[in-house]
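Q: The structure's right below; bear with me while I get my questions together.
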Amino acid sequence: MPHDPAETTQRTLLSSGPHRTTPRSACVVVIHGEGLGRRADVEDAPVLVGRSHESDLVIAHKSVSREHCRIWRDGDDYRLRDLGATNRTRVNDRGVEETVLSDGDHIVVGESILKFISQTSVEARYHEEIYQLATHDMLTELYNRRHFIEMADKEIARALRHQRPLALCIIDVDLFKPVNDRHGHIAGDEVLRRIAALLGQHVRSEDIAARIGGEEFAVLLPESDGGVASHFAERVRQAIAAATFAPGGESRRITVSIGIATLSEARANRPSLMAAADAALYRAKDGGRNQVCVET
Ligand SMILES: Nc1nc2c(ncn2[C@@H]2O[C@H](COP(=O)(O)OP(=O)(O)OP(=O)(O)O)[C@@H](O)[C@H]2O)c(=O)[nH]1
């Protein structure tokens, strides 16, 4: 059954991870205070830094304005503009309205400090590694629970603001304990990895897929209503049920149960959306497993 995530053991097996071979373009990384380790790449789109969930780099602290500052690329330069923040943005200890950033600049946003790292900096690779470790589940290479929650909050805020549909699927492996008991944890891990890979084959680039518990996955589907989400979930369910798993070399059928909930006036935040998807998941388990249920 779905279990308390607090009890979930995150297994940190060594993995090459979803690392990119080259560093991304310039980025800002929080190196002190609220949001420590969080980063945002400054690519073609400007980066909004602020307390609002819709910011590209969210720093959820009262010392930070909802829209604190913006960083963008301007030809070969990178520029920062303060957006009228109550605590004016400071760069290298100097209050700024607008300035050109240089590699290594310290940007003070409320009580947090960000570091600007240009694309040529070797340090960018280091932060890339740290970022991957902080946001991804090492076993499956999907997002981890913490990052999923952060992204879900952002997507929910965006969907509510623009009155767009949004659906959440929670996917739980059926009777996984006997798989572990019979074949051992390492074989069980291989099954989880395979399920994650199958999931990856069905998600769109805008969907957010994560491992949120031991044998529990979540997929957030922006711009999707219950019908679209059901169709997606049914395809995932069938693909997993039809796949060949051979934990410990023994052929075995693996199935999943899936609960779906959509954003609505009654479910206008992440906890209630997740609780509704969980309730649907319980019904799917209760109904005999290997099925999809939608919370209406
Ligand atoms: N191999 C492996 N097993 C895990 C991991 N995290 C949790 N588990 C196992 O997943 C199993 C979950 O079992 P239960 O919650 O009892 O549920 P279930 O057997 O899947 O049965 P239902 O959910 O009712 O269909 C437990 O045996 C956990 O030890 C992990 O990272 N790797």
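In the structure tokens, chains take the letters A, B, ... in the order shown, each chain's residues start at 1, and ligands count up from 1 in the order shown.
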I need the residues in range 23-220 of chain A that are strand (DSSP E or B) according to DSSP; give them as a PyMOL selection string.
A: chain A and resi 27-32+39-41+47-50+57-58+69-74+77-82+90-91+94-95+98-100+106-109+112-117+136+143+166-173+208-213+216-220
Q: For Ile107 in chain A, find every residue with an atom within 10 Å (counting only C-alpha atoms), except residues of its own chain fewer than 2 positions away, and show them as a short mmCIF file (atom, residue, chain, number, x, y, z; two decimals) with N, CA and C atoms, in the first residue's frame.
A:
```cif
data_model
loop_
_atom_site.label_atom_id
_atom_site.label_comp_id
_atom_site.auth_asym_id
_atom_site.auth_seq_id
_atom_site.Cartn_x
_atom_site.Cartn_y
_atom_site.Cartn_z
N VAL A 28 22.89 30.92 -11.72
CA VAL A 28 23.00 31.46 -10.37
C VAL A 28 22.68 30.34 -9.40
N VAL A 29 23.47 30.26 -8.34
CA VAL A 29 23.31 29.20 -7.34
C VAL A 29 23.18 29.86 -5.98
N VAL A 30 22.24 29.38 -5.17
CA VAL A 30 22.13 29.91 -3.81
C VAL A 30 23.24 29.27 -2.97
N ILE A 31 24.14 30.08 -2.44
CA ILE A 31 25.27 29.54 -1.68
C ILE A 31 25.15 29.81 -0.18
N CYS A 69 14.40 40.25 -8.18
CA CYS A 69 15.29 40.76 -9.24
C CYS A 69 15.20 39.84 -10.46
N LEU A 80 21.65 42.13 -14.39
CA LEU A 80 20.71 41.96 -13.28
C LEU A 80 20.00 43.28 -13.05
N THR A 89 18.28 44.57 -4.00
CA THR A 89 19.30 43.58 -4.38
C THR A 89 20.68 44.21 -4.27
N ARG A 90 21.63 43.47 -3.73
CA ARG A 90 23.00 43.96 -3.62
C ARG A 90 23.91 43.03 -4.41
N VAL A 91 24.86 43.60 -5.13
CA VAL A 91 25.85 42.79 -5.83
C VAL A 91 27.20 43.17 -5.27
N ASN A 92 27.91 42.17 -4.73
CA ASN A 92 29.20 42.40 -4.07
C ASN A 92 29.11 43.56 -3.07
N ASP A 93 28.00 43.50 -2.28
CA ASP A 93 27.81 44.45 -1.18
C ASP A 93 27.45 45.86 -1.60
N ARG A 94 27.01 46.02 -2.84
CA ARG A 94 26.62 47.35 -3.32
C ARG A 94 25.17 47.25 -3.81
N GLY A 95 24.31 48.13 -3.29
CA GLY A 95 22.92 48.13 -3.75
C GLY A 95 22.87 48.50 -5.22
N VAL A 96 22.07 47.78 -6.00
CA VAL A 96 22.06 48.04 -7.45
C VAL A 96 20.64 48.22 -7.97
N LEU A 101 26.78 41.52 -14.72
CA LEU A 101 27.35 40.56 -13.78
C LEU A 101 28.66 39.98 -14.31
N GLY A 104 31.48 34.90 -10.62
CA GLY A 104 31.82 34.89 -9.20
C GLY A 104 31.14 35.97 -8.39
N ASP A 105 30.39 36.86 -9.03
CA ASP A 105 29.70 37.93 -8.28
C ASP A 105 28.77 37.33 -7.22
N VAL A 109 20.12 38.59 -1.94
CA VAL A 109 18.67 38.66 -2.13
C VAL A 109 18.04 38.40 -0.77
N GLY A 110 17.54 39.44 -0.13
CA GLY A 110 17.06 39.28 1.25
C GLY A 110 18.21 38.78 2.10
N SER A 112 19.47 35.74 1.70
CA SER A 112 20.19 34.68 0.97
C SER A 112 21.27 35.29 0.08
N ILE A 113 22.30 34.50 -0.18
CA ILE A 113 23.36 34.95 -1.10
C ILE A 113 23.42 33.99 -2.28
N LEU A 114 23.41 34.56 -3.47
CA LEU A 114 23.51 33.79 -4.70
C LEU A 114 24.88 34.06 -5.31
N LYS A 115 25.36 33.08 -6.05
CA LYS A 115 26.62 33.31 -6.76
C LYS A 115 26.35 33.20 -8.25
N PHE A 116 26.87 34.15 -8.99
CA PHE A 116 26.72 34.09 -10.45
C PHE A 116 27.93 33.36 -11.02
#
```
Q: Could you pull the residues within 9 Å of Ile195 in chain A, counting only C-alpha atoms, minus those fewer than 5 positions along the same chain, as number ranges by chain?
A: A: 140, 173, 190, 200, 240
Q: Write out the residues from the selection above, keeping N, CA and C atoms, as a PDB file, in the first residue's frame.
A:
```
ATOM      1  N   THR A 140      16.635   5.867  -9.779  1.00  0.00           N
ATOM      2  CA  THR A 140      15.851   5.850 -11.020  1.00  0.00           C
ATOM      3  C   THR A 140      16.185   6.991 -11.978  1.00  0.00           C
ATOM      4  N   VAL A 173       3.662   0.578  -7.062  1.00  0.00           N
ATOM      5  CA  VAL A 173       3.907  -0.792  -7.534  1.00  0.00           C
ATOM      6  C   VAL A 173       3.080  -1.763  -6.685  1.00  0.00           C
ATOM      7  N   GLU A 190      16.243  -3.096  -9.270  1.00  0.00           N
ATOM      8  CA  GLU A 190      16.289  -3.200 -10.743  1.00  0.00           C
ATOM      9  C   GLU A 190      14.874  -3.069 -11.323  1.00  0.00           C
ATOM     10  N   GLY A 200       9.306   6.878 -18.197  1.00  0.00           N
ATOM     11  CA  GLY A 200       9.993   7.897 -18.992  1.00  0.00           C
ATOM     12  C   GLY A 200       9.627   7.839 -20.467  1.00  0.00           C
ATOM     13  N   ILE A 240       3.466  -1.387 -18.360  1.00  0.00           N
ATOM     14  CA  ILE A 240       4.165  -2.086 -17.267  1.00  0.00           C
ATOM     15  C   ILE A 240       3.652  -3.525 -17.145  1.00  0.00           C
TER      16      ILE A 240
END
```
Q: Nearest residue to Gly287 in chain A out of A:Gly33, A:Gly259, A:Pro271, A:Pro46, using only C-alpha atoms?
A: A:Gly259
Q: Could you give me, as a PyMOL selection string, the residues within 7 Å of Val100 in chain A, counting only C-alpha atoms and dropping anything in the same chain fewer than 2 positions from it?
A: chain A and resi 77-80+102
Q: Only C-alpha atoms, please: the residues just picked out, written as a short mmCIF file (atom, residue, chain, number, x, y, z; two decimals), in the first residue's frame.
A:
```cif
data_model
loop_
_atom_site.label_atom_id
_atom_site.label_comp_id
_atom_site.auth_asym_id
_atom_site.auth_seq_id
_atom_site.Cartn_x
_atom_site.Cartn_y
_atom_site.Cartn_z
CA ASP A 77 26.80 40.12 -21.13
CA TYR A 78 24.61 38.98 -18.28
CA ARG A 79 22.63 41.70 -16.53
CA LEU A 80 20.71 41.96 -13.28
CA SER A 102 30.82 39.02 -13.75
#
```
Q: Counting only C-alpha atoms, which of A:Arg81, A:Arg66, A:Lys154, A:His202 gets nearest to Arg270 in chain A?
A: A:Lys154
Q: Taking 2 positions as the minimum chain separation for residues in the same chain, which residues sit within 6 Å of Val47 in chain A when counting only C-alpha atoms? Answer as a list in words.
A: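 Listing them by chain and then by number gives Asp56, Arg70 and Ile71 of chain A.
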Q: Could you state the separation of CA of Arg51 in chain A and CA of Ala275 in chain A in Å, given to one decimal place?
A: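 The value is 25.2 Å.
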Q: State, in Å with one decimal place, the distance from CA of His106 in chain A to CA of Ala152 in chain A.
A: 28.8 Å
Q: Range 213-227 of chain A: which residues within 6 Å, counting only C-alpha atoms, same-chain residues fewer than 6 positions away excluded, as an NGL selection string?
A: :A and (5 or 8 or 165-173 or 207)
Q: Output N, CA and C atoms for every residue in that selection, as a PDB file, in the first residue's frame.
A:
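After the write, out32.pdb holds the following:
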```pdb
ATOM      1  N   PRO A   5       5.711   8.750   3.391  1.00  0.00           N
ATOM      2  CA  PRO A   5       6.979   9.068   2.759  1.00  0.00           C
ATOM      3  C   PRO A   5       8.096   9.305   3.765  1.00  0.00           C
ATOM      4  N   THR A   8      10.150   6.406   4.081  1.00  0.00           N
ATOM      5  CA  THR A   8      10.809   5.911   2.886  1.00  0.00           C
ATOM      6  C   THR A   8      12.321   5.960   3.020  1.00  0.00           C
ATOM      7  N   PRO A 165      -5.872  23.607 -16.858  1.00  0.00           N
ATOM      8  CA  PRO A 165      -6.020  22.311 -16.178  1.00  0.00           C
ATOM      9  C   PRO A 165      -4.662  21.726 -15.761  1.00  0.00           C
ATOM     10  N   LEU A 166      -4.702  20.884 -14.774  1.00  0.00           N
ATOM     11  CA  LEU A 166      -3.487  20.233 -14.275  1.00  0.00           C
ATOM     12  C   LEU A 166      -3.912  18.930 -13.606  1.00  0.00           C
ATOM     13  N   ALA A 167      -3.200  17.856 -13.902  1.00  0.00           N
ATOM     14  CA  ALA A 167      -3.555  16.564 -13.296  1.00  0.00           C
ATOM     15  C   ALA A 167      -2.343  15.945 -12.626  1.00  0.00           C
ATOM     16  N   LEU A 168      -2.613  15.175 -11.609  1.00  0.00           N
ATOM     17  CA  LEU A 168      -1.555  14.471 -10.884  1.00  0.00           C
ATOM     18  C   LEU A 168      -1.862  12.978 -10.869  1.00  0.00           C
ATOM     19  N   CYS A 169      -0.874  12.169 -11.225  1.00  0.00           N
ATOM     20  CA  CYS A 169      -0.995  10.707 -11.131  1.00  0.00           C
ATOM     21  C   CYS A 169      -0.026  10.219 -10.061  1.00  0.00           C
ATOM     22  N   ILE A 170      -0.519   9.393  -9.166  1.00  0.00           N
ATOM     23  CA  ILE A 170       0.385   8.714  -8.224  1.00  0.00           C
ATOM     24  C   ILE A 170       0.350   7.228  -8.574  1.00  0.00           C
ATOM     25  N   ILE A 171       1.530   6.686  -8.763  1.00  0.00           N
ATOM     26  CA  ILE A 171       1.681   5.316  -9.284  1.00  0.00           C
ATOM     27  C   ILE A 171       2.390   4.481  -8.229  1.00  0.00           C
ATOM     28  N   ASP A 172       1.756   3.407  -7.798  1.00  0.00           N
ATOM     29  CA  ASP A 172       2.342   2.575  -6.746  1.00  0.00           C
ATOM     30  C   ASP A 172       2.482   1.141  -7.264  1.00  0.00           C
ATOM     31  N   VAL A 173       3.662   0.578  -7.062  1.00  0.00           N
ATOM     32  CA  VAL A 173       3.907  -0.792  -7.534  1.00  0.00           C
ATOM     33  C   VAL A 173       3.080  -1.763  -6.685  1.00  0.00           C
ATOM     34  N   ASP A 207       5.871  17.195 -18.785  1.00  0.00           N
ATOM     35  CA  ASP A 207       5.403  16.478 -17.595  1.00  0.00           C
ATOM     36  C   ASP A 207       6.534  16.360 -16.573  1.00  0.00           C
TER      37      ASP A 207
END
```
Q: Go through A:Val203, A:Met138, A:Ala196, A:Ala246 one by one, measure the shortest atom-to-atom distance of each to His183 in chain A using only C-alpha atoms, and give the residue with the smallest value.
A: A:Ala246
Q: Based on DSSP run over this structure's backbone, return all residues of range 39-192 of chain A in helix (DSSP H, G or I), as JSON, numbers by chain.
A: {"A": [123, 124, 125, 126, 127, 128, 129, 130, 131, 132, 133, 134, 135, 145, 146, 147, 148, 149, 150, 151, 152, 153, 154, 155, 156, 157, 158, 159, 160, 161, 162, 176, 177, 178, 179, 180, 181, 182, 183, 185, 186, 187, 188, 189, 190, 191, 192]}
Q: By how many Å are CA of Leu48 in chain A and CA of Asn144 in chain A apart?
A: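 CA of Asn144 in chain A lies at a distance of 23.4 Å from CA of Leu48 in chain A.
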